[in-house]
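Novice: Dropping in protein.tsv, which is TSV, C-alpha atoms:
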chain	number	residue	atom	x	y	z
U	206	MET	CA	-26.12	9.91	-13.24
U	207	ALA	CA	-29.28	11.09	-11.57
U	208	VAL	CA	-29.08	13.10	-8.32
U	209	LYS	CA	-31.58	12.18	-5.62
U	210	ALA	CA	-34.04	14.88	-4.65
U	211	GLY	CA	-33.07	16.73	-1.50
U	212	SER	CA	-29.39	15.82	-1.78
U	213	GLN	CA	-27.09	18.52	-0.41
U	214	ARG	CA	-24.26	17.53	-2.69
U	215	ALA	CA	-23.80	15.13	-5.56
U	216	PRO	CA	-20.91	12.89	-6.58
U	217	ASP	CA	-19.16	13.90	-9.76
U	218	PHE	CA	-16.41	12.79	-12.11
U	219	MET	CA	-14.62	13.89	-15.26
U	220	LEU	CA	-13.05	11.55	-17.81
U	221	TRP	CA	-10.64	12.38	-20.59
U	222	ILE	CA	-9.64	9.88	-23.26
U	223	GLY	CA	-6.48	11.13	-24.88
U	224	SER	CA	-6.97	14.89	-25.25
U	225	LYS	CA	-10.77	14.73	-25.39
U	226	ASP	CA	-13.22	15.30	-22.53
U	227	VAL	CA	-15.81	12.50	-22.86
U	228	THR	CA	-17.63	13.13	-19.57
U	229	SER	CA	-20.85	14.42	-21.15
U	230	ASN	CA	-20.99	11.42	-23.53
U	231	LEU	CA	-20.53	8.86	-20.74
U	232	ARG	CA	-22.28	10.42	-17.75
U	233	ASN	CA	-25.70	8.88	-18.42
U	234	ARG	CA	-24.14	5.58	-19.48
U	235	LEU	CA	-22.08	5.06	-16.34
U	236	ILE	CA	-23.13	1.94	-14.43
U	237	SER	CA	-20.13	1.92	-12.11
U	238	LEU	CA	-16.67	3.39	-11.72
U	239	ASN	CA	-14.19	1.61	-9.45
U	240	LEU	CA	-10.69	2.87	-8.65
U	241	GLU	CA	-8.18	0.87	-6.60
U	242	ASP	CA	-5.27	2.95	-5.30
U	243	ASN	CA	-2.61	0.44	-4.29
U	244	ARG	CA	0.73	0.50	-2.54
U	245	GLY	CA	3.78	-1.02	-4.20
U	246	PHE	CA	4.12	-2.34	-7.75
U	247	GLU	CA	0.54	-3.53	-7.84
U	248	ALA	CA	-0.75	-1.02	-10.38
U	249	ASP	CA	-3.64	1.27	-9.51
U	250	THR	CA	-6.66	-0.02	-11.43
U	251	LEU	CA	-9.57	1.91	-12.92
U	252	THR	CA	-12.61	-0.14	-13.98
U	253	LEU	CA	-15.49	1.43	-15.91
U	254	LYS	CA	-18.79	-0.30	-16.68
U	255	LEU	CA	-20.87	1.51	-19.29
U	256	ASP	CA	-24.39	0.94	-20.58
U	257	ASP	CA	-24.25	0.02	-24.27
U	258	SER	CA	-27.83	-1.17	-24.64
U	259	ASP	CA	-28.22	1.01	-27.75
U	260	GLY	CA	-25.01	-0.38	-29.29
U	261	LEU	CA	-23.52	3.04	-30.02
U	262	LEU	CA	-20.35	2.84	-27.93
U	263	GLN	CA	-17.03	2.25	-29.68
U	264	LEU	CA	-14.48	-0.16	-28.20
U	265	PRO	CA	-11.39	1.80	-27.13
U	266	GLN	CA	-7.96	0.74	-28.35
U	267	ARG	CA	-5.68	-0.95	-25.83
U	268	GLY	CA	-2.95	1.48	-24.86
U	269	THR	CA	-5.33	4.45	-24.87
U	270	LEU	CA	-4.65	6.97	-22.11
U	271	VAL	CA	-7.55	7.73	-19.72
U	272	SER	CA	-7.45	10.61	-17.20
U	273	LEU	CA	-9.79	10.66	-14.20
U	274	PHE	CA	-11.01	13.41	-11.91
U	275	LEU	CA	-13.22	12.26	-9.04
U	276	GLY	CA	-15.11	13.74	-6.10
U	277	TRP	CA	-18.15	15.92	-5.60
U	278	VAL	CA	-19.72	18.68	-7.66
U	279	GLY	CA	-17.37	21.67	-7.42
U	280	GLN	CA	-14.65	19.61	-5.68
U	281	LEU	CA	-12.93	17.22	-8.09
U	282	HIS	CA	-9.52	15.65	-7.40
U	283	ASN	CA	-7.07	14.63	-10.10
U	284	LYS	CA	-6.67	10.86	-9.71
U	285	GLY	CA	-4.08	10.46	-12.45
U	286	ASP	CA	-3.64	8.80	-15.82
U	287	TYR	CA	-4.38	5.18	-16.69
U	288	THR	CA	-3.56	3.04	-19.71
U	289	VAL	CA	-6.32	0.83	-21.13
U	290	ASP	CA	-5.16	-2.80	-21.14
U	291	GLN	CA	-8.40	-4.79	-21.05
U	292	VAL	CA	-11.72	-4.34	-22.86
U	293	SER	CA	-14.75	-6.63	-22.65
U	294	HIS	CA	-18.30	-6.47	-23.99
U	295	GLY	CA	-21.20	-8.60	-22.78
U	296	GLY	CA	-24.96	-8.75	-22.67
U	297	ALA	CA	-27.83	-8.68	-22.82
U	298	PRO	CA	-28.30	-5.96	-21.73
U	299	ASP	CA	-25.06	-4.91	-23.41
U	300	VAL	CA	-22.35	-3.60	-21.08
U	301	LEU	CA	-18.90	-2.33	-22.05
U	302	THR	CA	-16.22	-2.88	-19.39
U	303	ILE	CA	-12.93	-1.00	-19.60
U	304	VAL	CA	-9.98	-1.76	-17.34
U	305	ALA	CA	-7.08	0.69	-17.25
U	306	ARG	CA	-3.97	0.66	-15.07
U	307	SER	CA	-1.66	3.34	-13.77
U	308	VAL	CA	1.46	1.55	-15.00
U	309	ASP	CA	2.00	0.50	-18.61
U	310	PHE	CA	3.91	-2.76	-18.19
U	311	ARG	CA	4.59	-3.07	-21.88
U	312	GLY	CA	8.02	-2.30	-23.32
U	313	GLU	CA	11.05	-1.97	-21.01
U	314	LEU	CA	9.13	-2.67	-17.81
U	315	ASN	CA	8.14	-6.13	-19.03
U	316	LYS	CA	11.59	-7.19	-20.27
U	317	ALA	CA	13.36	-9.93	-18.29
U	318	ARG	CA	17.03	-9.16	-17.64
U	319	ASP	CA	20.16	-11.02	-16.52
U	320	LEU	CA	22.48	-8.59	-14.76
U	321	SER	CA	24.94	-8.56	-11.88
U	322	TYR	CA	25.73	-5.68	-9.57
U	323	HIS	CA	29.07	-5.63	-7.71
U	324	ASP	CA	30.29	-3.33	-4.93
U	325	ALA	CA	27.34	-0.99	-5.38
U	326	THR	CA	24.90	0.95	-3.26
U	327	LEU	CA	21.16	0.50	-3.16
U	328	GLY	CA	20.78	4.02	-4.49
U	329	SER	CA	22.99	3.42	-7.55
U	330	ILE	CA	21.17	0.18	-8.45
U	331	VAL	CA	17.69	1.68	-8.17
U	332	THR	CA	18.88	4.73	-10.15
U	333	GLN	CA	19.95	2.44	-13.02
U	334	ILE	CA	16.55	0.79	-12.99
U	335	ALA	CA	14.72	4.12	-13.05
U	336	GLN	CA	16.86	5.37	-15.95
U	337	ARG	CA	16.29	2.19	-17.99
U	338	CYS	CA	12.54	2.54	-17.57
U	339	GLY	CA	12.45	6.28	-18.27
U	340	LEU	CA	11.29	7.12	-14.73
U	341	ILE	CA	12.26	9.85	-12.28
U	342	LEU	CA	13.57	8.36	-9.04
U	343	GLN	CA	12.47	9.63	-5.64
U	344	MET	CA	14.03	7.69	-2.76
U	345	ALA	CA	13.26	8.14	0.92
U	346	GLU	CA	16.09	9.13	3.20
U	347	GLY	CA	18.24	6.33	4.59
U	348	PHE	CA	18.21	3.92	1.64
U	349	ALA	CA	20.58	5.35	-0.97
U	350	GLY	CA	23.81	4.72	0.94
U	351	ILE	CA	23.18	1.07	1.84
U	352	ASN	CA	26.15	-0.97	0.56
U	353	ILE	CA	25.53	-4.11	-1.49
U	354	ASP	CA	28.58	-6.33	-2.12
U	355	HIS	CA	26.90	-8.40	-4.81
U	356	ILE	CA	23.41	-9.18	-6.08
U	357	ASP	CA	22.13	-10.83	-9.27
U	358	GLN	CA	19.10	-9.96	-11.35
U	359	THR	CA	18.46	-13.35	-12.89
U	360	HIS	CA	15.85	-13.41	-15.63
U	361	GLU	CA	13.78	-10.88	-13.71
U	362	THR	CA	11.92	-7.84	-14.95
U	363	ASP	CA	12.96	-4.53	-13.42
U	364	PRO	CA	9.68	-4.26	-11.44
U	365	ALA	CA	10.20	-7.75	-9.98
U	366	PHE	CA	13.83	-7.05	-9.11
U	367	VAL	CA	13.26	-3.64	-7.52
U	368	THR	CA	10.35	-5.12	-5.54
U	369	ARG	CA	12.71	-7.82	-4.22
U	370	LEU	CA	15.26	-5.15	-3.28
U	371	ALA	CA	12.59	-3.09	-1.54
U	372	LYS	CA	11.36	-6.06	0.48
U	373	ARG	CA	14.88	-7.01	1.54
U	374	TYR	CA	15.64	-3.53	2.86
U	375	GLY	CA	12.26	-2.70	4.38
U	376	ALA	CA	10.93	-0.42	1.64
U	377	ILE	CA	8.21	-0.43	-1.00
U	378	ALA	CA	8.70	0.49	-4.65
U	379	VAL	CA	5.90	2.33	-6.41
U	380	ILE	CA	5.41	3.80	-9.88
U	381	LYS	CA	3.21	6.90	-9.83
U	382	ALA	CA	2.88	9.55	-12.53
U	383	GLY	CA	6.16	8.74	-14.28
U	384	ARG	CA	8.12	8.44	-11.01
U	385	LEU	CA	9.73	5.47	-9.31
U	386	LEU	CA	9.13	6.00	-5.59
U	387	PHE	CA	11.26	4.03	-3.13
U	388	LEU	CA	9.50	4.60	0.17
U	389	ARG	CA	9.56	3.47	3.78
U	390	PRO	CA	6.08	1.95	4.29
U	391	GLY	CA	4.07	3.16	7.24
U	392	SER	CA	6.28	6.21	7.77
U	393	GLY	CA	3.48	8.69	7.05
U	394	GLU	CA	5.89	10.61	4.83
U	395	LEU	CA	6.27	11.41	1.16
U	396	ALA	CA	9.47	10.42	-0.70
U	397	SER	CA	10.69	13.99	-0.11
U	398	GLY	CA	10.51	13.38	3.66
U	399	LYS	CA	7.58	15.76	4.10
U	400	ALA	CA	5.06	14.50	6.65
U	401	ILE	CA	1.57	13.65	5.41
U	402	PRO	CA	-1.09	15.35	7.56
U	403	THR	CA	-3.08	13.01	9.79
U	404	VAL	CA	-6.75	12.49	8.88
U	405	LEU	CA	-9.32	12.25	11.67
U	406	LEU	CA	-12.30	9.93	11.13
U	407	THR	CA	-15.18	8.99	13.41
U	408	ARG	CA	-17.39	5.93	13.30
U	409	GLN	CA	-20.22	8.15	12.09
U	410	ASP	CA	-18.22	8.75	8.87
U	411	GLY	CA	-18.64	5.13	7.83
U	412	ASP	CA	-21.15	2.41	6.98
U	413	LYS	CA	-19.10	-0.71	7.72
U	414	HIS	CA	-15.88	-1.72	9.40
U	415	ASN	CA	-13.93	-4.88	10.15
U	416	PHE	CA	-11.09	-5.31	12.65
U	417	THR	CA	-9.12	-8.56	12.91
U	418	VAL	CA	-6.12	-9.56	15.01
U	419	ALA	CA	-4.74	-13.11	15.10
U	420	ASP	CA	-2.00	-14.63	17.27
U	421	ARG	CA	-0.66	-16.72	14.40
U	422	THR	CA	0.60	-13.52	12.74
U	423	THR	CA	1.92	-11.79	15.85
U	424	TYR	CA	5.61	-12.24	16.62
U	425	THR	CA	7.59	-10.40	19.28
U	426	GLY	CA	10.99	-11.01	17.71
U	427	VAL	CA	12.97	-11.88	14.57
U	428	GLN	CA	16.16	-13.91	14.38
U	429	ALA	CA	18.59	-13.92	11.43
U	430	LYS	CA	21.73	-16.04	10.95
U	431	TRP	CA	24.99	-14.83	9.41
U	432	LEU	CA	28.22	-16.62	8.53
U	433	SER	CA	31.61	-15.35	9.62
U	434	THR	CA	34.14	-16.58	7.06
U	435	LYS	CA	37.06	-15.66	9.36
U	436	GLU	CA	35.74	-17.81	12.17
U	437	ALA	CA	33.95	-20.36	9.95
U	438	LYS	CA	31.09	-19.98	12.37
U	439	THR	CA	27.40	-19.06	12.19
U	440	HIS	CA	26.22	-16.20	14.40
U	441	LEU	CA	22.75	-15.06	15.40
U	442	PHE	CA	21.26	-11.58	15.23
U	443	GLN	CA	17.97	-11.12	17.08
U	444	LEU	CA	15.50	-8.27	17.51
U	445	GLN	CA	12.96	-8.38	20.34
U	446	ARG	CA	9.95	-6.14	20.95
U	447	LYS	CA	10.16	-3.85	23.96
U	448	GLU	CA	7.19	-4.16	26.27
U	449	LYS	CA	4.90	-1.14	26.21
U	450	ALA	CA	2.59	0.14	28.89
U	451	ALA	CA	-1.05	0.30	27.84
U	452	SER	CA	-2.54	3.75	27.23
U	453	ALA	CA	-6.00	4.78	28.36
U	454	ASP	CA	-5.99	8.23	26.76
U	455	ALA	CA	-7.88	7.42	23.55
U	456	ALA	CA	-11.35	8.83	23.01
U	457	THR	CA	-14.12	6.24	22.99
U	458	HIS	CA	-17.69	6.08	21.84
U	459	PRO	CA	-20.10	6.43	24.81
U	460	ASP	CA	-21.81	3.13	23.96
U	461	ALA	CA	-18.59	1.21	23.25
U	462	GLN	CA	-17.46	-1.52	25.62
U	463	SER	CA	-13.89	-1.64	26.81
U	464	ALA	CA	-11.54	-3.89	24.85
U	465	PRO	CA	-10.90	-7.24	26.58
U	466	GLN	CA	-7.80	-7.15	28.73
U	467	PRO	CA	-5.03	-9.72	28.16
U	468	THR	CA	-5.14	-12.52	30.70
U	469	GLY	CA	-3.24	-15.66	31.59
U	470	LYS	CA	-0.16	-16.11	29.40
U	471	GLN	CA	-0.84	-13.03	27.28
U	472	GLU	CA	1.71	-10.31	27.93
U	473	GLY	CA	2.43	-6.81	26.60
U	474	ASP	CA	-0.22	-4.73	24.87
U	475	TYR	CA	-3.25	-6.15	23.07
U	476	LEU	CA	-1.70	-6.16	19.58
U	477	SER	CA	1.73	-7.55	20.40
U	478	GLY	CA	1.32	-11.34	20.58
U	479	GLN	CA	2.85	-13.89	22.92
U	480	LYS	CA	6.18	-13.26	24.61
U	481	ASN	CA	9.09	-15.15	23.01
U	482	SER	CA	7.09	-15.77	19.83
U	483	LEU	CA	10.10	-15.71	17.51
U	484	LEU	CA	10.28	-15.77	13.71
U	485	VAL	CA	13.54	-17.30	12.40
U	486	LEU	CA	14.61	-16.29	8.89
U	487	PRO	CA	15.72	-19.36	6.88
U	488	GLU	CA	18.46	-17.61	4.87
U	489	VAL	CA	22.07	-17.45	6.12
U	490	PHE	CA	23.50	-13.99	5.37
U	491	ASN	CA	27.07	-13.10	4.41
U	492	SER	CA	27.59	-10.47	7.10
U	493	GLU	CA	26.17	-9.16	10.35
U	494	GLU	CA	25.08	-5.98	8.58
U	495	MET	CA	23.05	-7.92	5.99
U	496	ALA	CA	21.48	-10.05	8.76
U	497	MET	CA	20.58	-6.91	10.71
U	498	GLN	CA	19.01	-5.23	7.66
U	499	ALA	CA	16.99	-8.35	6.81
U	500	ALA	CA	15.81	-8.76	10.41
U	501	GLN	CA	14.77	-5.11	10.64
U	502	ALA	CA	12.90	-5.30	7.32
U	503	LYS	CA	11.07	-8.48	8.34
U	504	TRP	CA	10.32	-7.02	11.79
U	505	ASN	CA	8.69	-3.95	10.26
U	506	GLU	CA	6.72	-6.12	7.80
U	507	ILE	CA	5.43	-8.28	10.65
U	508	GLN	CA	4.40	-5.30	12.77
U	509	ARG	CA	2.46	-3.77	9.88
U	510	GLY	CA	0.60	-7.05	9.32
U	511	VAL	CA	-0.40	-7.79	12.92
U	512	VAL	CA	-3.92	-6.40	12.49
U	513	HIS	CA	-6.31	-5.82	9.61
U	514	PHE	CA	-8.74	-2.92	9.75
U	515	THR	CA	-11.09	-1.89	6.94
U	516	PHE	CA	-13.45	1.06	7.07
U	517	GLN	CA	-16.03	1.96	4.42
U	518	LEU	CA	-16.83	5.67	4.33
U	519	ALA	CA	-20.44	6.53	3.60
U	520	ALA	CA	-19.38	9.66	1.68
U	521	GLY	CA	-16.46	9.16	-0.67
U	522	ARG	CA	-13.13	10.86	0.03
U	523	ALA	CA	-11.21	11.24	-3.23
U	524	ASP	CA	-8.50	13.17	-1.37
U	525	LEU	CA	-7.29	10.08	0.54
U	526	TYR	CA	-4.38	7.97	-0.67
U	527	PRO	CA	-2.03	5.25	0.65
U	528	GLU	CA	0.51	6.14	3.38
U	529	THR	CA	-1.84	8.75	4.91
U	530	PRO	CA	-1.86	8.55	8.75
U	531	VAL	CA	-5.36	8.17	10.26
U	532	ARG	CA	-6.78	8.50	13.78
U	533	VAL	CA	-10.26	7.10	14.48
U	534	SER	CA	-12.78	7.40	17.29
U	535	GLY	CA	-16.04	5.71	18.26
U	536	PHE	CA	-14.74	2.12	17.98
U	537	LYS	CA	-13.33	-0.26	20.59
U	538	THR	CA	-10.66	1.21	22.83
U	539	VAL	CA	-7.83	-0.76	21.24
U	540	ILE	CA	-8.81	0.55	17.77
U	541	ASP	CA	-9.17	4.16	18.87
U	542	ALA	CA	-5.85	4.03	20.73
U	543	SER	CA	-3.90	3.06	17.61
U	544	VAL	CA	-2.51	5.27	14.89
U	545	TRP	CA	-3.31	3.84	11.47
U	546	ILE	CA	-1.72	4.11	8.03
U	547	ILE	CA	-3.76	3.70	4.84
U	548	SER	CA	-2.39	0.80	2.77
U	549	LYS	CA	-5.08	0.72	0.06
U	550	VAL	CA	-7.96	2.93	-1.04
U	551	THR	CA	-10.91	1.77	-3.16
U	552	HIS	CA	-13.25	4.39	-4.57
U	553	SER	CA	-16.64	3.26	-5.89
U	554	LEU	CA	-19.06	5.43	-7.84
U	555	THR	CA	-22.35	3.93	-9.03
U	556	ALA	CA	-25.55	5.29	-10.51
U	557	LYS	CA	-27.60	3.81	-7.66
U	558	GLY	CA	-25.24	3.63	-4.69
U	559	GLY	CA	-23.51	7.01	-4.95
U	560	PHE	CA	-19.85	7.59	-4.10
U	561	THR	CA	-18.15	5.59	-1.31
U	562	THR	CA	-14.54	5.00	-0.29
U	563	THR	CA	-13.20	1.88	1.42
U	564	LEU	CA	-9.95	2.15	3.37
U	565	GLU	CA	-7.63	-0.72	4.21
U	566	LEU	CA	-5.48	0.31	7.16
U	567	GLU	CA	-2.50	-1.11	8.98
U	568	ASN	CA	-1.05	-0.29	12.37
U	569	ASP	CA	1.43	2.60	12.42
U	570	ILE	CA	4.66	1.02	13.64
U	571	ALA	CA	6.45	4.30	14.43
U	572	GLY	CA	5.79	3.86	18.15
U	573	VAL	CA	6.75	0.17	18.29
U	574	GLU	CA	10.21	-0.18	19.81
U	575	TYR	CA	12.58	-3.13	19.65
U	576	GLU	CA	15.94	-4.02	21.14
U	577	VAL	CA	18.86	-6.13	19.97
U	578	VAL	CA	19.22	-9.35	21.98
U	579	ASN	CA	22.68	-10.86	22.30
Re-express the file's structure as structure tokens.

Specialist:
Amino acid sequence: MAVKAGSQRAPDFMLWIGSKDVTSNLRNRLISLNLEDNRGFEADTLTLKLDDSDGLLQLPQRGTLVSLFLGWVGQLHNKGDYTVDQVSHGGAPDVLTIVARSVDFRGELNKARDLSYHDATLGSIVTQIAQRCGLILQMAEGFAGINIDHIDQTHETDPAFVTRLAKRYGAIAVIKAGRLLFLRPGSGELASGKAIPTVLLTRQDGDKHNFTVADRTTYTGVQAKWLSTKEAKTHLFQLQRKEKAASADAATHPDAQSAPQPTGKQEGDYLSGQKNSLLVLPEVFNSEEMAMQAAQAKWNEIQRGVVHFTFQLAAGRADLYPETPVRVSGFKTVIDASVWIISKVTHSLTAKGGFTTTLELENDIAGVEYEVVN
């Protein structure tokens, strides 16, 4: 890759295939490098496009291990190992495209199972899954002791089943570097419970942004039904958002206009949706505890999905990863006033466009309070 004259720093990368450093062989052939760092069981994906106009490149074997280091000259970050699972070649001019993923879904991970779990805890079930798949389990605090009377894994792969468990109990399951991470999304913490430092970004750090909020996705409460076998009666469990006073402390760009204030029937803060906008879960649960857990999980999922905010950084940041808390300034007041959590990171390195990073962010729900409504 050529470095533009007058540049103060240059993007850089290092690639290993197996135990061999192939960076020098591929540097001048690189058309683009794209890395998607995802949350959950959606595998991180590395896509390489290489110039093969001279026909000298060899097609790599599927299953080959690729290691990537990415960043700037003198400041590379280890971005992990990826297994090649897709190779394509097209032209003219001839281009070799290699797609590698962070999780090798061959073998045990791709095997459908029929199992039942009785009188167990969430921790014991997820531990069994990790052991079957040869992974080291790291589970966030508060999940391991959850009691589960009975649950079936019916012709499901372990990734599909543990994802279903995670969704039910308000977690996300992730495979990273040989570990099965069972995390609380949006917590801004690692599986160990250690807080992730907050990153500060200004509008001047980026090229493009997009902020979207829609009333059709904003609910102020969740209702779940549960059946009492002693009373032969269905009961309701309901969570309702507590109203929050608006804050005017956030820093704003001098040229930015104030965010529009809610009027008419709009109540609460700008991101909270209409009062009494209630989501009713269709499932009838076997106990009040199960109904409460399902309502809390769905509540947290809804709050994280209220707004969509993407921000493309002009200079790539290979040090950023999902679950990192972010504060921004220079945007509309409602954007600056929020604390954000990174949900997805996409790094792009091209011969012509340089190194950029696009962040997908969701609202940090740590400050959103709810109350139980009888």

Novice: Using all atoms listed in the file, collect all residues at a distance of at most 12 Å from (-25.5, -8.0, -21.9) as written in the file, then present them as a list of chain:residue names.

Specialist: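 Result, sorted by chain then residue number: U:Lys254, U:Leu255, U:Asp256, U:Asp257, U:Ser258, U:Asp259, U:Gly260, U:Ser293, U:His294, U:Gly295, U:Gly296, U:Ala297, U:Pro298, U:Asp299, U:Val300, U:Leu301, U:Thr302.
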
Novice: Take the point (15.1, -8.0, 20.9) in the file's coordinates, draw a sphere of radius 7 Å around it, and report as JSON, numbers by chain every protein, DNA or RNA residue with an atom inside or on it, counting only C-alpha atoms.

Specialist: {"U": [426, 443, 444, 445, 446, 575, 576, 577, 578]}

Novice: When distances are computed from all atoms listed in the file, which of U:Lys438, U:Lys284, U:Arg384, U:His552 shows the smallest separation from Gln343 (chain U)?

Specialist: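 Of U:Lys438, U:Lys284, U:Arg384, U:His552, the one nearest Gln343 (chain U) is U:Arg384, counting all atoms listed in the file.
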
Novice: Neighbours of region 373-383 of chain U within 10 Å (all atoms listed in the file; same-chain residues fewer than 2 positions away dropped), as an NGL selection string?

Specialist: :U and (243-249 or 285-287 or 307-309 or 327 or 331 or 335 or 338-345 or 348 or 351 or 364-365 or 367-371 or 385-391 or 495 or 497-506)

Novice: So, counting only C-alpha atoms, which residue among U:Thr563, U:Thr269, U:Thr326, U:Ser482 is closest to Ser224 (chain U)?

Specialist: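 That would be U:Thr269, the residue with the smallest distance to Ser224 (chain U).
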
Novice: Using Å and a single decimal, report how far CA of Ile547 (chain U) sits from CA of Gly411 (chain U).

Specialist: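 Interatomic distance here is 15.2 Å.
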
Novice: Go ahead and compute the interatomic distance for CA of Pro265 (chain U) and CA of Thr555 (chain U), in Å to one decimal.

Specialist: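 Computing it gives 21.3 Å between the two atoms.
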
Novice: With 3 Å on each side, where is the centre of the axis-aligned box around all listed atoms of region 275-288 of chain U, and how long are its edges in Å to one decimal, as AutoDock Vina command-line options?

Specialist:
--center_x -11.6 --center_y 12.4 --center_z -12.7 --size_x 22.2 --size_y 24.6 --size_z 20.1

Novice: Can you list, as an MDAnalysis selection string, every protein, DNA or RNA residue that comes within 10 Å of Asp524 (chain U) when you count all atoms listed in the file, leaving out same-chain residues fewer than 6 positions away?

Specialist: chainID U and resid 275:276 280:284

Novice: Rounded to one decimal place, report the CA of Lys447 (chain U)-CA of Trp545 (chain U) distance in Å.

Specialist: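 About the pair CA of Lys447 (chain U) and CA of Trp545 (chain U): they are 19.9 Å apart.
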